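Input: a single structure, listed below in structure tokens.
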Amino acid sequence: VRALVWERYGEPASVLRLEEVETPTPGEGEVQLRVVAAGVNALDPHLIAGEPWLVRVSGFGLRRPKRGRAGRDVAGVVTAVGPRVTRFAVGDEVLGTCGGSIAEVAVTAEDRLVAKPAALSFEAAAALPIAGITALEALLDVADVQPGQRVLVTGASGGVGTFAVQIAVALGAEVTAVCRGRNAELVRSLGATEVVDYTEEDWTARGQRYHAVVELAGRPSVRAVRRCLEPGGIHVLSGGEGGRLAGPVPRGLAAMALATVTDTRAKLFLATERAETLDALVGFVVEGRVRSVVEQTVPLAEATSAVEHLREGHTRGKTVVTVA
Ligand SMILES: NC(=O)c1ccc[n+]([C@@H]2O[C@H](COP(=O)([O-])OP(=O)(O)OC[C@H]3O[C@@H](n4cnc5c(N)ncnc54)[C@H](OP(=O)(O)O)[C@@H]3O)[C@@H](O)[C@H]2O)c1
């Protein structure tokens, strides 16, 4: 079967290759899928480049990638199940996460998958997992957003941001979206009531205060962000760009240190890949309160260009690779 692979760290366009690989088989508690669509995330080009270096020391391989299979978000059809799999059977349509989703066949643990509602297309399903889980956990678990609260989302036009705006609105918040002017209409259509064009205006200098600032792009000073929080408010840092060694971690730690001496909070967090969260997210989609914004779908043969697009950073929602 074909899979998008890389054997050394580097720019996606120079190291990614579509290659024939051995068909992966499911072990205990695992499910084999025929991949129909695979989502691409902002993290993918970082993993492929091995940057920041934190990626390499956290188990992906110091000098070369240990398992260079691209892609994590997946939607597909179950083709085989390993021993002790209880939730899925051959023929089920599912979505979730795995290692190496940009491939014709993928294998993953059953607890990283949920059933795909028939009304949800495979492309929309493949756009959901990591970006949607990140947005849901940021707003619900980390910021505990309540109806009527004011929430500001930076990077609102991106993969995570388009979900974050909609989920904050679904939770009853009043949302200010920070994005480029050309994306203002998009984020308003998702429910944002106020839009700040960051190329024209510094949102931290508007004298407004929010219960939560969900930071998905841009690097304003952590002090400036703190001044935009209500007492008890929270600065949620999902990552973002940073130095070549530790990426966003030093800034996240600085924000958390500052919070200890003020009446606000800050949290740098990593999304989990739990099926329960994905199920809750699918619930919002089924109710019609959240939808995937799919900017483009590209065929497997052009998957490298999809990863390149994420590296360039000017996304409008999600990019999906269609496989079958
Ligand atoms: N913690 C976690 O578990 C987790 C999970 C997923 C993602 N992340 C991180 O979250 C961040 C967002 O991910 P993503 O998938 O949404 O990325 P993305 O799809 O690349 O979206 C980023 C968006 O931000 C916009 N943007 C760029 N600079 C901006 C600025 N200064 N102010 C406001 N908007 C700006 C970009 O468009 P323009 O450049 O055209 O304005 C783009 O639409 C990334 O850093 C990613 O690594 C973390």
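By order of appearance in the structure tokens: chains A, B, ..., then residues from 1 within every chain, and ligands from 1 in the order shown.
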Distance query Val196 (chain A) at most 12 Å, only C-alpha atoms, self and fewer than 4 positions along chain excluded, as an mmCIF file with all heavy atoms, in the first residue's frame:
data_model
loop_
_atom_site.group_PDB
_atom_site.id
_atom_site.type_symbol
_atom_site.label_atom_id
_atom_site.label_comp_id
_atom_site.auth_asym_id
_atom_site.auth_seq_id
_atom_site.Cartn_x
_atom_site.Cartn_y
_atom_site.Cartn_z
ATOM 1 N N LEU A 152 -11.701 35.816 23.588
ATOM 2 C CA LEU A 152 -10.973 36.274 22.399
ATOM 3 C C LEU A 152 -10.146 35.112 21.859
ATOM 4 O O LEU A 152 -9.502 34.388 22.627
ATOM 5 C CB LEU A 152 -10.072 37.460 22.747
ATOM 6 C CG LEU A 152 -9.245 37.997 21.570
ATOM 7 C CD1 LEU A 152 -9.299 39.523 21.530
ATOM 8 C CD2 LEU A 152 -7.797 37.537 21.628
ATOM 9 N N VAL A 153 -10.226 34.901 20.553
ATOM 10 C CA VAL A 153 -9.479 33.807 19.914
ATOM 11 C C VAL A 153 -8.524 34.412 18.884
ATOM 12 O O VAL A 153 -8.972 35.106 17.963
ATOM 13 C CB VAL A 153 -10.434 32.821 19.189
ATOM 14 C CG1 VAL A 153 -9.645 31.705 18.502
ATOM 15 C CG2 VAL A 153 -11.451 32.226 20.157
ATOM 16 N N THR A 154 -7.213 34.170 19.029
ATOM 17 C CA THR A 154 -6.273 34.611 17.990
ATOM 18 C C THR A 154 -6.033 33.437 17.044
ATOM 19 O O THR A 154 -6.157 32.277 17.436
ATOM 20 C CB THR A 154 -4.923 35.083 18.565
ATOM 21 O OG1 THR A 154 -4.181 33.936 18.990
ATOM 22 C CG2 THR A 154 -5.108 36.046 19.718
ATOM 23 N N GLY A 155 -5.695 33.724 15.789
ATOM 24 C CA GLY A 155 -5.547 32.642 14.821
ATOM 25 C C GLY A 155 -6.912 32.036 14.513
ATOM 26 O O GLY A 155 -7.040 30.849 14.186
ATOM 27 N N ALA A 156 -7.955 32.871 14.604
ATOM 28 C CA ALA A 156 -9.341 32.392 14.487
ATOM 29 C C ALA A 156 -9.654 31.818 13.113
ATOM 30 O O ALA A 156 -10.609 31.053 12.962
ATOM 31 C CB ALA A 156 -10.301 33.536 14.810
ATOM 32 N N SER A 157 -8.863 32.167 12.105
ATOM 33 C CA SER A 157 -9.114 31.691 10.742
ATOM 34 C C SER A 157 -8.489 30.328 10.461
ATOM 35 O O SER A 157 -8.711 29.741 9.409
ATOM 36 C CB SER A 157 -8.549 32.707 9.749
ATOM 37 O OG SER A 157 -7.206 33.035 10.112
ATOM 38 N N VAL A 175 -17.842 36.194 21.232
ATOM 39 C CA VAL A 175 -16.496 35.915 20.727
ATOM 40 C C VAL A 175 -15.907 37.056 19.903
ATOM 41 O O VAL A 175 -16.537 37.573 18.981
ATOM 42 C CB VAL A 175 -16.507 34.620 19.866
ATOM 43 C CG1 VAL A 175 -15.114 34.345 19.283
ATOM 44 C CG2 VAL A 175 -16.982 33.442 20.693
ATOM 45 N N THR A 176 -14.675 37.428 20.262
ATOM 46 C CA THR A 176 -13.886 38.341 19.450
ATOM 47 C C THR A 176 -12.837 37.503 18.722
ATOM 48 O O THR A 176 -12.104 36.733 19.353
ATOM 49 C CB THR A 176 -13.173 39.395 20.329
ATOM 50 O OG1 THR A 176 -14.170 40.149 21.011
ATOM 51 C CG2 THR A 176 -12.307 40.324 19.490
ATOM 52 N N ALA A 177 -12.797 37.616 17.397
ATOM 53 C CA ALA A 177 -11.859 36.822 16.598
ATOM 54 C C ALA A 177 -10.748 37.723 16.082
ATOM 55 O O ALA A 177 -11.013 38.810 15.573
ATOM 56 C CB ALA A 177 -12.603 36.185 15.426
ATOM 57 N N VAL A 178 -9.503 37.255 16.215
ATOM 58 C CA VAL A 178 -8.364 37.998 15.680
ATOM 59 C C VAL A 178 -7.850 37.249 14.456
ATOM 60 O O VAL A 178 -7.483 36.064 14.555
ATOM 61 C CB VAL A 178 -7.242 38.141 16.739
ATOM 62 C CG1 VAL A 178 -6.084 38.966 16.163
ATOM 63 C CG2 VAL A 178 -7.777 38.773 18.013
ATOM 64 N N CYS A 179 -7.889 37.918 13.317
ATOM 65 C CA CYS A 179 -7.430 37.297 12.082
ATOM 66 C C CYS A 179 -7.104 38.391 11.067
ATOM 67 O O CYS A 179 -7.290 39.572 11.340
ATOM 68 C CB CYS A 179 -8.495 36.343 11.513
ATOM 69 S SG CYS A 179 -10.029 37.180 11.076
ATOM 70 N N ARG A 180 -6.645 38.003 9.908
ATOM 71 C CA ARG A 180 -6.368 38.922 8.806
ATOM 72 C C ARG A 180 -7.701 39.409 8.215
ATOM 73 O O ARG A 180 -8.684 38.655 8.222
ATOM 74 C CB ARG A 180 -5.616 38.098 7.762
ATOM 75 C CG ARG A 180 -4.824 38.825 6.743
ATOM 76 C CD ARG A 180 -4.123 37.787 5.866
ATOM 77 N NE ARG A 180 -2.944 37.228 6.518
ATOM 78 C CZ ARG A 180 -1.737 37.785 6.453
ATOM 79 N NH1 ARG A 180 -1.572 38.889 5.767
ATOM 80 N NH2 ARG A 180 -0.711 37.233 7.053
ATOM 81 N N GLY A 181 -7.708 40.640 7.684
ATOM 82 C CA GLY A 181 -8.949 41.220 7.162
ATOM 83 C C GLY A 181 -9.677 40.340 6.163
ATOM 84 O O GLY A 181 -10.906 40.241 6.187
ATOM 85 N N ARG A 182 -8.936 39.647 5.310
ATOM 86 C CA ARG A 182 -9.588 38.843 4.268
ATOM 87 C C ARG A 182 -10.394 37.677 4.860
ATOM 88 O O ARG A 182 -11.222 37.076 4.177
ATOM 89 C CB ARG A 182 -8.568 38.311 3.255
ATOM 90 C CG ARG A 182 -7.676 37.224 3.793
ATOM 91 C CD ARG A 182 -6.844 36.539 2.705
ATOM 92 N NE ARG A 182 -5.996 35.517 3.297
ATOM 93 C CZ ARG A 182 -5.884 34.277 2.852
ATOM 94 N NH1 ARG A 182 -6.523 33.898 1.773
ATOM 95 N NH2 ARG A 182 -5.100 33.418 3.458
ATOM 96 N N ASN A 183 -10.129 37.353 6.151
ATOM 97 C CA ASN A 183 -10.862 36.246 6.779
ATOM 98 C C ASN A 183 -11.984 36.707 7.711
ATOM 99 O O ASN A 183 -12.617 35.881 8.370
ATOM 100 C CB ASN A 183 -9.883 35.360 7.558
ATOM 101 C CG ASN A 183 -8.902 34.665 6.633
ATOM 102 O OD1 ASN A 183 -9.292 34.216 5.548
ATOM 103 N ND2 ASN A 183 -7.641 34.591 7.027
ATOM 104 N N ALA A 184 -12.216 38.025 7.745
ATOM 105 C CA ALA A 184 -13.214 38.562 8.678
ATOM 106 C C ALA A 184 -14.597 37.962 8.412
ATOM 107 O O ALA A 184 -15.310 37.553 9.342
ATOM 108 C CB ALA A 184 -13.263 40.083 8.576
ATOM 109 N N GLU A 185 -14.955 37.892 7.155
ATOM 110 C CA GLU A 185 -16.289 37.377 6.821
ATOM 111 C C GLU A 185 -16.443 35.916 7.247
ATOM 112 O O GLU A 185 -17.477 35.509 7.777
ATOM 113 C CB GLU A 185 -16.493 37.497 5.313
ATOM 114 C CG GLU A 185 -17.935 37.700 4.915
ATOM 115 C CD GLU A 185 -18.028 38.004 3.432
ATOM 116 O OE1 GLU A 185 -17.358 38.951 2.973
ATOM 117 O OE2 GLU A 185 -18.733 37.253 2.753
ATOM 118 N N VAL A 187 -14.911 34.309 9.746
ATOM 119 C CA VAL A 187 -15.078 34.122 11.201
ATOM 120 C C VAL A 187 -16.406 34.690 11.703
ATOM 121 O O VAL A 187 -16.980 34.156 12.647
ATOM 122 C CB VAL A 187 -13.868 34.657 12.014
ATOM 123 C CG1 VAL A 187 -12.605 33.907 11.645
ATOM 124 C CG2 VAL A 187 -13.673 36.141 11.845
ATOM 125 N N ARG A 188 -16.923 35.732 11.031
ATOM 126 C CA ARG A 188 -18.260 36.220 11.395
ATOM 127 C C ARG A 188 -19.306 35.151 11.074
ATOM 128 O O ARG A 188 -20.234 34.933 11.851
ATOM 129 C CB ARG A 188 -18.598 37.502 10.627
ATOM 130 C CG ARG A 188 -18.015 38.736 11.255
ATOM 131 C CD ARG A 188 -18.655 40.003 10.681
ATOM 132 N NE ARG A 188 -17.807 41.143 10.920
ATOM 133 C CZ ARG A 188 -17.726 41.794 12.073
ATOM 134 N NH1 ARG A 188 -18.470 41.401 13.099
ATOM 135 N NH2 ARG A 188 -16.920 42.805 12.211
ATOM 136 N N ALA A 192 -18.512 34.793 15.304
ATOM 137 C CA ALA A 192 -17.789 35.847 16.029
ATOM 138 C C ALA A 192 -18.577 37.154 15.909
ATOM 139 O O ALA A 192 -19.063 37.487 14.822
ATOM 140 C CB ALA A 192 -16.391 36.029 15.438
ATOM 141 N N GLU A 200 -3.813 45.450 11.078
ATOM 142 C CA GLU A 200 -4.154 46.875 11.177
ATOM 143 C C GLU A 200 -4.127 47.380 12.613
ATOM 144 O O GLU A 200 -3.938 48.552 12.853
ATOM 145 C CB GLU A 200 -5.595 47.103 10.657
ATOM 146 C CG GLU A 200 -5.834 46.624 9.248
ATOM 147 C CD GLU A 200 -5.653 47.758 8.257
ATOM 148 O OE1 GLU A 200 -6.013 48.880 8.622
ATOM 149 O OE2 GLU A 200 -5.133 47.506 7.157
ATOM 150 N N GLU A 201 -4.374 46.460 13.556
ATOM 151 C CA GLU A 201 -4.598 46.897 14.934
ATOM 152 C C GLU A 201 -4.034 45.886 15.924
ATOM 153 O O GLU A 201 -4.108 44.678 15.687
ATOM 154 C CB GLU A 201 -6.138 47.025 15.130
ATOM 155 C CG GLU A 201 -6.527 47.740 16.377
ATOM 156 C CD GLU A 201 -8.051 47.799 16.577
ATOM 157 O OE1 GLU A 201 -8.810 47.466 15.631
ATOM 158 O OE2 GLU A 201 -8.452 48.165 17.690
ATOM 159 N N ASP A 202 -3.490 46.391 17.024
ATOM 160 C CA ASP A 202 -2.975 45.533 18.097
ATOM 161 C C ASP A 202 -4.126 45.257 19.068
ATOM 162 O O ASP A 202 -4.579 46.169 19.769
ATOM 163 C CB ASP A 202 -1.828 46.280 18.801
ATOM 164 C CG ASP A 202 -1.331 45.552 20.033
ATOM 165 O OD1 ASP A 202 -1.804 44.430 20.315
ATOM 166 O OD2 ASP A 202 -0.472 46.125 20.726
ATOM 167 N N TRP A 203 -4.614 44.015 19.099
ATOM 168 C CA TRP A 203 -5.794 43.732 19.925
ATOM 169 C C TRP A 203 -5.527 43.926 21.407
ATOM 170 O O TRP A 203 -6.454 44.183 22.177
ATOM 171 C CB TRP A 203 -6.359 42.331 19.643
ATOM 172 C CG TRP A 203 -5.435 41.196 19.997
ATOM 173 C CD1 TRP A 203 -4.564 40.563 19.162
ATOM 174 C CD2 TRP A 203 -5.288 40.550 21.270
ATOM 175 N NE1 TRP A 203 -3.884 39.582 19.833
ATOM 176 C CE2 TRP A 203 -4.315 39.548 21.129
ATOM 177 C CE3 TRP A 203 -5.894 40.720 22.514
ATOM 178 C CZ2 TRP A 203 -3.911 38.725 22.176
ATOM 179 C CZ3 TRP A 203 -5.496 39.902 23.568
ATOM 180 C CH2 TRP A 203 -4.522 38.920 23.394
ATOM 181 N N THR A 204 -4.260 43.835 21.821
ATOM 182 C CA THR A 204 -3.966 43.977 23.260
ATOM 183 C C THR A 204 -4.038 45.445 23.697
ATOM 184 O O THR A 204 -4.002 45.734 24.885
ATOM 185 C CB THR A 204 -2.566 43.429 23.618
ATOM 186 O OG1 THR A 204 -1.578 44.218 22.936
ATOM 187 C CG2 THR A 204 -2.402 41.978 23.219
ATOM 188 N N ALA A 205 -4.134 46.369 22.717
ATOM 189 C CA ALA A 205 -4.134 47.801 23.062
ATOM 190 C C ALA A 205 -5.529 48.417 22.964
ATOM 191 O O ALA A 205 -5.672 49.631 22.919
ATOM 192 C CB ALA A 205 -3.168 48.538 22.134
ATOM 193 N N ARG A 206 -6.582 47.572 22.935
ATOM 194 C CA ARG A 206 -7.937 48.108 22.748
ATOM 195 C C ARG A 206 -8.651 48.430 24.050
ATOM 196 O O ARG A 206 -9.778 48.896 24.039
ATOM 197 C CB ARG A 206 -8.804 47.103 21.962
ATOM 198 C CG ARG A 206 -8.233 46.733 20.614
ATOM 199 C CD ARG A 206 -9.093 45.671 19.983
ATOM 200 N NE ARG A 206 -10.082 46.240 19.091
ATOM 201 C CZ ARG A 206 -11.322 45.806 18.966
ATOM 202 N NH1 ARG A 206 -11.759 44.832 19.723
ATOM 203 N NH2 ARG A 206 -12.149 46.358 18.117
ATOM 204 N N GLN A 208 -9.936 46.343 26.099
ATOM 205 C CA GLN A 208 -11.035 45.403 26.377
ATOM 206 C C GLN A 208 -10.534 44.292 27.302
ATOM 207 O O GLN A 208 -9.358 43.973 27.301
ATOM 208 C CB GLN A 208 -11.518 44.752 25.070
ATOM 209 C CG GLN A 208 -11.991 45.725 24.029
ATOM 210 C CD GLN A 208 -13.387 46.240 24.343
ATOM 211 O OE1 GLN A 208 -14.117 45.624 25.098
ATOM 212 N NE2 GLN A 208 -13.735 47.368 23.756
#
Close residues to ligand 1 using only C-alpha atoms and all ligand atoms, limit 7 Å, as number ranges by chain: A: 41-43, 130-131, 134, 154-161, 178-180, 198, 216-219, 238-241, 269-272, 310, 313-318
Near-Val323 (chain A) list (6 Å; only C-alpha atoms; drop same-chain fewer than 2 positions) as an MDAnalysis selection string: chainID A and resid 36:37 300
Considering only C-alpha atoms, tabulate each residue of region 207-289 of chain A that lies at most 12 Å from region 67-90 of chain A along with its nearest interatomic pair and the corresponding distance in Å to one decimal; arrange the rows by chain and ascending residue number and present them as a tab-separated table.
residue	atom	partner	partner_atom	distance
A:Glu273	CA	A:Asp73	CA	10.1
A:Ala275	CA	A:Arg87	CA	11.6
A:Leu278	CA	A:Asp73	CA	11.5
Distance of CA of Arg227 (chain A) from CA of Thr262 (chain A), expressed in Å to one decimal place: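 Distance reported for this atom pair: 10.3 Å.
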